[in-house]
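Undergrad: Got work-v1.txt for you, compact mmCIF, C-alpha atoms:
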```txt
# COMPACT_ATOMS: atom_id res chain seq x y z
CA MET A 1 -3.52 23.35 -11.94
CA THR A 2 -3.69 19.65 -12.68
CA ALA A 3 -0.75 19.09 -10.33
CA VAL A 4 -2.51 20.93 -7.49
CA LEU A 5 -5.75 18.99 -7.92
CA LEU A 6 -3.75 15.78 -8.24
CA MET A 7 -2.06 16.46 -4.90
CA VAL A 8 -5.40 17.24 -3.24
CA ALA A 9 -6.81 13.99 -4.62
CA GLY A 10 -3.71 12.13 -3.45
CA SER A 11 -4.04 13.43 0.09
CA ILE A 12 -7.74 12.48 0.15
CA GLY A 13 -6.83 9.01 -1.11
CA ALA A 14 -4.20 8.54 1.60
CA LEU A 15 -6.57 9.70 4.36
CA LEU A 16 -9.34 7.49 3.01
CA ARG A 17 -7.00 4.49 3.07
CA TYR A 18 -6.06 5.25 6.66
CA GLU A 19 -9.70 5.55 7.72
CA VAL A 20 -10.72 2.33 5.95
CA GLU A 21 -7.81 0.51 7.57
CA LEU A 22 -8.90 1.75 11.01
CA ALA A 23 -12.53 0.84 10.35
CA VAL A 24 -11.52 -2.71 9.39
CA ARG A 25 -9.42 -3.00 12.53
CA ARG A 26 -12.34 -1.92 14.67
CA HIS A 27 -14.29 -4.91 13.44
CA THR A 28 -11.69 -7.64 13.22
CA VAL A 29 -8.88 -8.92 15.38
CA SER A 30 -6.55 -10.67 13.01
CA ASP A 31 -2.94 -11.04 11.97
CA PHE A 32 -4.06 -11.12 8.39
CA PRO A 33 -3.85 -7.74 6.59
CA ARG A 34 -7.44 -7.74 5.44
CA GLY A 35 -7.70 -3.95 5.53
CA THR A 36 -5.10 -3.57 2.79
CA LEU A 37 -6.73 -6.37 0.81
CA ILE A 38 -10.13 -4.65 0.95
CA ILE A 39 -8.55 -1.32 0.00
CA ASN A 40 -6.64 -2.74 -2.96
CA VAL A 41 -9.56 -4.77 -4.30
CA SER A 42 -12.10 -1.93 -4.01
CA GLY A 43 -9.65 0.59 -5.51
CA SER A 44 -8.81 -1.75 -8.40
CA PHE A 45 -12.50 -2.17 -9.16
CA ALA A 46 -13.08 1.59 -9.13
CA LEU A 47 -10.07 2.25 -11.38
CA GLY A 48 -11.30 -0.45 -13.78
CA VAL A 49 -14.68 1.28 -14.05
CA LEU A 50 -13.00 4.67 -14.59
CA VAL A 51 -10.60 3.41 -17.28
CA GLY A 52 -13.41 1.44 -18.97
CA LEU A 53 -15.61 4.55 -19.01
CA ALA A 54 -12.78 6.71 -20.30
CA ALA A 55 -12.04 4.31 -23.16
CA HIS A 56 -15.58 4.45 -24.48
CA HIS A 57 -17.06 7.74 -23.39
CA GLY A 58 -14.35 10.30 -23.94
CA ILE A 59 -13.93 11.43 -20.36
CA PRO A 60 -11.42 14.32 -20.20
CA THR A 61 -7.86 13.14 -19.50
CA THR A 62 -7.60 15.57 -16.60
CA VAL A 63 -10.50 13.86 -14.83
CA VAL A 64 -8.93 10.44 -15.34
CA VAL A 65 -5.59 11.70 -14.04
CA ILE A 66 -7.06 13.33 -10.93
CA ALA A 67 -9.50 10.56 -10.02
CA GLY A 68 -7.42 7.62 -11.27
CA THR A 69 -3.77 8.54 -10.76
CA GLY A 70 -4.53 10.86 -7.86
CA LEU A 71 -7.36 9.53 -5.73
CA LEU A 72 -7.36 5.79 -6.51
CA GLY A 73 -3.60 5.57 -7.03
CA ALA A 74 -3.02 6.98 -3.56
CA TYR A 75 -5.88 5.05 -1.99
CA THR A 76 -4.45 1.70 -3.06
CA THR A 77 -0.96 0.70 -2.05
CA PHE A 78 1.66 -1.77 -3.15
CA SER A 79 4.27 -1.02 -0.50
CA THR A 80 2.10 -2.18 2.43
CA PHE A 81 1.22 -5.31 0.50
CA SER A 82 4.95 -6.05 0.05
CA PHE A 83 5.79 -5.20 3.63
CA ASP A 84 2.96 -7.29 5.08
CA THR A 85 3.84 -10.29 2.96
CA VAL A 86 7.51 -10.16 3.97
CA SER A 87 6.41 -9.72 7.62
CA GLN A 88 4.19 -12.78 7.45
CA ALA A 89 7.00 -14.85 5.94
CA GLY A 90 9.41 -13.46 8.52
CA ARG A 91 7.11 -14.70 11.29
CA GLY A 92 7.05 -18.12 9.68
CA GLN A 93 3.47 -17.68 8.46
CA TRP A 94 4.21 -18.93 4.98
CA ARG A 95 0.70 -20.09 4.26
CA ALA A 96 -0.78 -16.73 5.27
CA ALA A 97 1.83 -14.97 3.10
CA ALA A 98 0.89 -17.14 0.12
CA VAL A 99 -2.82 -16.50 0.75
CA ASN A 100 -2.15 -12.77 0.92
CA VAL A 101 -0.25 -12.76 -2.39
CA GLY A 102 -2.66 -15.10 -4.17
CA GLY A 103 -5.75 -13.43 -2.74
CA SER A 104 -4.59 -9.90 -3.55
CA LEU A 105 -3.71 -10.84 -7.12
CA VAL A 106 -6.77 -12.95 -7.92
CA LEU A 107 -9.26 -10.59 -6.24
CA GLY A 108 -7.46 -7.39 -7.34
CA LEU A 109 -7.04 -8.39 -10.99
CA GLY A 110 -10.56 -9.86 -11.00
CA ALA A 111 -12.06 -6.70 -9.54
CA ALA A 112 -10.22 -4.50 -12.06
CA ALA A 113 -11.35 -6.73 -14.95
CA PHE A 114 -14.93 -6.67 -13.69
CA GLY A 115 -14.71 -2.88 -13.38
CA LEU A 116 -13.32 -2.54 -16.92
CA VAL A 117 -16.20 -4.62 -18.32
CA ILE A 118 -18.77 -2.56 -16.43
CA GLY A 119 -17.16 0.73 -17.41
CA GLN A 120 -17.02 -0.28 -21.07
CA ALA A 121 -20.63 -1.45 -21.02
CA LEU A 122 -22.08 1.68 -19.41
CA MET B 1 3.37 0.85 23.51
CA PRO B 2 4.99 3.28 25.93
CA GLU B 3 1.82 4.14 27.85
CA SER B 4 1.08 0.54 28.93
CA THR B 5 3.01 0.51 32.17
CA GLY B 6 2.86 -2.45 34.52
CA THR B 7 -0.82 -3.05 34.91
CA GLY B 8 -0.59 -6.79 35.15
CA GLU B 9 -1.64 -7.47 31.56
CA GLN B 10 1.90 -7.51 30.30
CA SER B 11 2.47 -11.21 30.55
CA GLY B 12 4.30 -12.32 27.45
CA ASN B 13 3.88 -10.18 24.37
CA SER B 14 3.25 -6.63 25.34
CA GLY B 15 0.09 -5.07 23.99
CA GLN B 16 -0.74 -7.97 21.74
CA HIS B 17 -3.87 -7.40 19.70
CA ASP B 18 -5.39 -4.26 20.96
CA PRO B 19 -6.96 -2.91 17.82
CA ILE B 20 -9.64 -0.94 19.61
CA PRO B 21 -8.94 2.55 18.37
CA THR B 22 -9.22 4.43 21.62
CA ARG B 23 -5.74 5.94 21.55
CA TYR B 24 -4.34 5.63 18.08
CA PRO B 25 -1.06 7.47 18.22
CA HIS B 26 -1.53 8.87 14.75
CA HIS B 27 -4.86 10.44 15.45
CA GLY B 28 -5.09 14.15 15.99
CA PRO B 29 -4.73 17.03 13.57
CA GLY B 30 -0.92 16.91 13.33
CA PRO B 31 -0.47 13.28 12.29
CA MET B 32 -3.53 13.44 10.03
CA ALA B 33 -2.03 16.47 8.29
CA ALA B 34 1.22 14.51 7.95
CA ILE B 35 -0.67 11.68 6.22
CA ALA B 36 -2.34 14.17 3.86
CA GLY B 37 0.94 15.96 3.10
CA GLY B 38 2.88 12.75 2.57
CA GLY B 39 0.08 11.40 0.38
CA ALA B 40 0.10 14.54 -1.76
CA LEU B 41 3.88 14.40 -2.26
CA GLY B 42 3.92 10.67 -2.96
CA THR B 43 1.14 11.04 -5.52
CA LEU B 44 2.92 13.93 -7.22
CA ALA B 45 6.21 11.99 -7.35
CA ARG B 46 4.45 9.01 -8.95
CA TYR B 47 2.74 11.28 -11.47
CA VAL B 48 6.05 12.91 -12.42
CA ILE B 49 7.70 9.51 -12.94
CA GLU B 50 4.75 8.18 -14.94
CA ARG B 51 4.88 11.24 -17.20
CA ALA B 52 8.64 11.00 -17.65
CA VAL B 53 8.76 7.31 -18.53
CA VAL B 54 7.13 6.60 -21.86
CA VAL B 55 5.23 3.31 -21.63
CA SER B 56 3.69 1.64 -24.65
CA PRO B 57 0.20 0.20 -24.05
CA THR B 58 1.60 -3.17 -25.13
CA GLY B 59 4.94 -2.92 -23.32
CA LEU B 60 6.15 -3.34 -19.79
CA PRO B 61 4.94 -0.51 -17.49
CA TRP B 62 8.37 0.46 -16.15
CA ALA B 63 7.08 3.57 -14.41
CA THR B 64 4.63 1.77 -12.09
CA LEU B 65 7.11 -1.07 -11.60
CA SER B 66 9.87 1.33 -10.50
CA VAL B 67 7.53 3.28 -8.24
CA ASN B 68 6.26 0.14 -6.51
CA VAL B 69 9.73 -1.33 -6.01
CA LEU B 70 11.22 1.94 -4.73
CA GLY B 71 8.26 2.55 -2.42
CA SER B 72 8.41 -0.98 -1.00
CA PHE B 73 12.10 -0.51 -0.21
CA LEU B 74 11.52 2.86 1.45
CA LEU B 75 8.61 1.54 3.52
CA GLY B 76 10.75 -1.37 4.76
CA VAL B 77 13.50 1.02 5.85
CA VAL B 78 11.22 3.59 7.47
CA VAL B 79 8.93 1.25 9.39
CA THR B 80 11.88 -0.74 10.72
CA LEU B 81 13.70 2.42 11.81
CA VAL B 82 10.64 3.90 13.49
CA VAL B 83 9.75 0.68 15.26
CA GLU B 84 13.26 -0.17 16.39
CA ARG B 85 14.77 3.23 17.08
CA TRP B 86 12.13 5.92 17.37
CA PRO B 87 9.03 4.15 18.74
CA THR B 88 7.60 7.31 20.24
CA ASP B 89 7.87 9.41 17.10
CA ARG B 90 4.41 10.60 16.09
CA TYR B 91 5.06 12.08 12.69
CA LEU B 92 7.62 10.08 10.74
CA ARG B 93 5.41 7.09 10.20
CA PRO B 94 2.24 9.01 9.20
CA LEU B 95 4.29 11.28 6.92
CA VAL B 96 6.64 8.85 5.20
CA ALA B 97 5.01 5.43 5.62
CA VAL B 98 1.23 6.00 5.52
CA GLY B 99 1.38 9.19 3.48
CA PHE B 100 4.33 9.15 1.10
CA CYS B 101 4.92 5.42 0.51
CA GLY B 102 1.19 4.67 0.44
CA GLY B 103 0.49 7.53 -1.96
CA PHE B 104 3.60 6.84 -4.07
CA THR B 105 2.95 3.14 -4.65
CA THR B 106 -0.22 1.85 -6.22
CA PHE B 107 -2.00 -1.45 -6.58
CA SER B 108 -4.95 -0.34 -8.70
CA THR B 109 -2.77 0.90 -11.58
CA LEU B 110 -0.85 -2.37 -11.53
CA ALA B 111 -4.10 -4.38 -11.69
CA VAL B 112 -5.57 -2.35 -14.56
CA GLU B 113 -2.29 -2.36 -16.51
CA ILE B 114 -2.11 -6.15 -16.26
CA ASP B 115 -5.78 -6.61 -17.18
CA ARG B 116 -5.54 -4.33 -20.21
CA ARG B 117 -2.54 -6.25 -21.52
CA ILE B 118 -4.36 -9.53 -21.06
CA GLN B 119 -7.42 -8.02 -22.74
CA HIS B 120 -5.34 -7.16 -25.80
CA GLY B 121 -3.66 -10.52 -25.97
CA HIS B 122 -0.26 -9.59 -24.55
CA ILE B 123 -0.24 -12.41 -22.03
CA GLY B 124 3.55 -12.71 -21.93
CA VAL B 125 4.02 -9.03 -21.07
CA ALA B 126 1.28 -9.24 -18.43
CA ALA B 127 2.89 -12.30 -16.83
CA ALA B 128 6.36 -10.75 -16.91
CA TYR B 129 5.05 -7.54 -15.36
CA LEU B 130 3.22 -9.42 -12.62
CA GLY B 131 6.20 -11.65 -11.85
CA LEU B 132 8.68 -8.76 -11.83
CA SER B 133 6.43 -6.67 -9.58
CA LEU B 134 6.15 -9.47 -7.06
CA VAL B 135 9.78 -10.59 -7.03
CA ALA B 136 11.27 -7.09 -7.10
CA GLY B 137 8.62 -5.58 -4.79
CA LEU B 138 8.86 -8.22 -2.07
CA GLY B 139 12.63 -8.36 -2.50
CA ALA B 140 12.85 -4.58 -2.10
CA ALA B 141 10.75 -4.62 1.09
CA LEU B 142 12.95 -7.40 2.47
CA ALA B 143 16.10 -5.49 1.51
CA GLY B 144 14.81 -2.33 3.17
CA ILE B 145 13.90 -4.11 6.39
CA THR B 146 17.23 -5.94 6.51
CA LEU B 147 19.27 -2.86 5.69
CA ALA B 148 17.57 -0.93 8.50
CA GLY B 149 18.50 -3.63 10.99
CA GLY B 150 15.43 -5.88 11.07
CA ARG B 151 15.97 -9.63 11.41
CA LEU B 152 13.96 -12.19 9.55
CA HIS B 153 13.13 -14.48 12.39
CA PRO B 154 12.47 -13.60 16.04
CA SER B 155 14.64 -16.49 17.21
CA LEU B 156 17.69 -14.75 15.83
CA THR B 157 19.37 -12.37 18.20
CA GLY B 158 18.95 -8.69 17.71
CA ALA B 159 15.98 -6.80 16.44
CA SER B 160 13.38 -8.97 14.78
CA ILE B 161 11.43 -7.99 11.74
CA PRO B 162 8.84 -5.43 12.81
CA ASP B 163 5.59 -7.13 13.52
CA PRO B 164 3.03 -4.58 12.46
CA ASP B 165 0.24 -6.10 14.50
CA LEU B 166 2.05 -6.11 17.81
CA LEU B 167 3.37 -2.61 17.92
CA ALA B 168 2.11 0.78 18.86
CA GLY B 169 1.35 2.70 15.75
CA ASP B 170 0.75 -0.44 13.79
CA GLU B 171 -1.99 1.18 11.79
CA GLY B 172 0.56 3.64 10.51
CA ARG B 173 2.48 1.36 8.24
CA LEU B 174 0.36 1.65 5.11
```
Any chance you could put this one into structure tokens?

TA:
Amino acid sequence: MTAVLLMVAGSIGALLRYEVELAVRRHTVSDFPRGTLIINVSGSFALGVLVGLAAHHGIPTTVVVIAGTGLLGAYTTFSTFSFDTVSQAGRGQWRAAAVNVGGSLVLGLGAAAFGLVIGQAL
Amino acid sequence: MPESTGTGEQSGNSGQHDPIPTRYPHHGPGPMAAIAGGGALGTLARYVIERAVVVSPTGLPWATLSVNVLGSFLLGVVVTLVVERWPTDRYLRPLVAVGFCGGFTTFSTLAVEIDRRIQHGHIGVAAAYLGLSLVAGLGAALAGITLAGGRLHPSLTGASIPDPDLLAGDEGRL
């Protein structure tokens, strides 16, 4: 049963990522992969809150697995981040590639840390 | 973009920057179902690997690391193949790239795993994990692209590295 719900959550996460990416592209014309950045930062924050809550409030493991591993794990993506960064470097956009790596890490880790603090404090 | 046929606006780069989503090739029930199906399978595969690989809360998260490296490699291969060889295919990219690779790999788990190790004072493990993820992940994407026939610089002859923002179906690379 967990596996079925996990797969449903994963498909929702993938569709949500696609829709967010499209929405970002409707509003910006840019080479920079800001859609993926927004997705990864927002998903990291949400997972931080969930894990922080789970650590202090005894949320059932199944809920954490379905919402965390399933929904948020599928919503965020590492492969597109890798691909985009290599693409930027391949086009000679080294500065943009460095900004993408640095920005994703600083904002992503920061958002997750902020989420963990909030989740633990709630 | 196959449908943009000789209407005068093809000077230079074809179809450059046309993000207005009037005719996204992956829209429609079929491609959306492919994204959902690929996402479900990718998520399940990641879950199976994370259950199989025992990771200590203070150790290196090998499961997520492997998943992210493997997924980056696969995405590099698939996107390059679709772009270079099967540009009109409507399902491969939503299914394997957006759905499976996107659902298989994860950024949020990586971020939380690093933060929790820092929180508990395991700075060295956190740094090693971060460094390995970056080097192996980017290296795997590069290897996948190269193996599938992509070139690293457009000035080189042959197929150049797929430029996701210049190609039809660019939103399908997630």

Undergrad: For the contact check between chain A and chain B, emit one row per residue of chain A within 8 Å, containing the shortest atom pair and the distance in Å rounded to one decimal, counting only C-alpha atoms, chain then rising number order, as CSV.

TA:
```
residue,atom,partner,partner_atom,distance
A:Ala3,CA,B:Leu44,CA,7.1
A:Leu6,CA,B:Leu44,CA,7.0
A:Met7,CA,B:Ala40,CA,4.3
A:Val8,CA,B:Ala40,CA,6.3
A:Ala9,CA,B:Ala40,CA,7.5
A:Gly10,CA,B:Ala40,CA,4.8
A:Ser11,CA,B:Ala36,CA,4.2
A:Ile12,CA,B:Ala36,CA,6.8
A:Gly13,CA,B:Gly39,CA,7.5
A:Ala14,CA,B:Gly39,CA,5.3
A:Leu15,CA,B:Ala36,CA,6.2
A:Tyr18,CA,B:Val98,CA,7.4
A:Glu21,CA,B:Glu171,CA,7.2
A:Leu22,CA,B:Glu171,CA,7.0
A:Arg25,CA,B:Pro19,CA,5.8
A:Arg26,CA,B:Ile20,CA,5.7
A:Val29,CA,B:Pro19,CA,6.8
A:Ser30,CA,B:His17,CA,7.9
A:Asp31,CA,B:Asp165,CA,6.4
A:Thr36,CA,B:Leu174,CA,7.9
A:Asn40,CA,B:Phe107,CA,6.0
A:Val41,CA,B:Ser108,CA,7.8
A:Gly43,CA,B:Ser108,CA,5.8
A:Ser44,CA,B:Ser108,CA,4.1
A:Phe45,CA,B:Ser108,CA,7.8
A:Leu47,CA,B:Ser108,CA,6.3
A:Gly48,CA,B:Val112,CA,6.1
A:Thr69,CA,B:Tyr47,CA,7.1
A:Gly70,CA,B:Thr43,CA,6.1
A:Leu72,CA,B:Ser108,CA,6.9
A:Gly73,CA,B:Thr106,CA,5.1
A:Ala74,CA,B:Gly103,CA,3.9
A:Tyr75,CA,B:Gly103,CA,6.8
A:Thr76,CA,B:Thr106,CA,5.3
A:Thr77,CA,B:Thr106,CA,4.4
A:Phe78,CA,B:Phe107,CA,5.0
A:Ser79,CA,B:Ser72,CA,4.2
A:Thr80,CA,B:Leu174,CA,5.0
A:Ser82,CA,B:Leu138,CA,4.9
A:Phe83,CA,B:Ala141,CA,5.6
A:Asp84,CA,B:Pro164,CA,7.9
A:Thr85,CA,B:Leu138,CA,7.4
A:Val86,CA,B:Leu142,CA,6.3
A:Ser87,CA,B:Asp163,CA,6.5
A:Gly90,CA,B:Leu152,CA,4.8
A:Arg91,CA,B:His153,CA,6.1
A:Gly92,CA,B:His153,CA,7.6
A:Leu105,CA,B:Ala111,CA,7.9
A:Gly108,CA,B:Ala111,CA,6.3
A:Leu109,CA,B:Ala111,CA,5.0
A:Ala112,CA,B:Val112,CA,5.7
A:Ala113,CA,B:Asp115,CA,6.0
```

Undergrad: Have a look at atom CA of B:Leu65 and atom CA of B:Ala148 and let me know their distance in Å, one decimal.

TA: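 So the answer is 22.7 Å.
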
Undergrad: What does the distance between atom CA of B:Arg93 and atom CA of A:Glu19 come to in Å, to one decimal place?

TA: 15.4 Å

Undergrad: Using atom CA of A:Gly52 and atom CA of A:Gly102 as the two end points, give the distance in Å to one decimal.

TA: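 So the answer is 24.7 Å.
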
Undergrad: List the neighbours of A:Val24 out to 7 Å using only C-alpha atoms; skip same-chain residues closer than 4 positions along the sequence, and give me the result as a PyMOL selection string.

TA: chain A and resi 20+28+35

Undergrad: Which polymer residues, protein or nucleic acid, are no farther than 9 Å from (13.0, 5.2, 12.7), counting only C-alpha atoms, as an mmCIF file with C-alpha atoms, in the coordinates of the input?

TA:
```cif
data_model
loop_
_atom_site.group_PDB
_atom_site.id
_atom_site.type_symbol
_atom_site.label_atom_id
_atom_site.label_comp_id
_atom_site.auth_asym_id
_atom_site.auth_seq_id
_atom_site.Cartn_x
_atom_site.Cartn_y
_atom_site.Cartn_z
ATOM 1 C CA VAL B 77 13.500 1.020 5.850
ATOM 2 C CA VAL B 78 11.220 3.590 7.470
ATOM 3 C CA VAL B 79 8.930 1.250 9.390
ATOM 4 C CA THR B 80 11.880 -0.740 10.720
ATOM 5 C CA LEU B 81 13.700 2.420 11.810
ATOM 6 C CA VAL B 82 10.640 3.900 13.490
ATOM 7 C CA VAL B 83 9.750 0.680 15.260
ATOM 8 C CA GLU B 84 13.260 -0.170 16.390
ATOM 9 C CA ARG B 85 14.770 3.230 17.080
ATOM 10 C CA TRP B 86 12.130 5.920 17.370
ATOM 11 C CA PRO B 87 9.030 4.150 18.740
ATOM 12 C CA ASP B 89 7.870 9.410 17.100
ATOM 13 C CA LEU B 92 7.620 10.080 10.740
ATOM 14 C CA ARG B 93 5.410 7.090 10.200
ATOM 15 C CA ALA B 148 17.570 -0.930 8.500
#
```
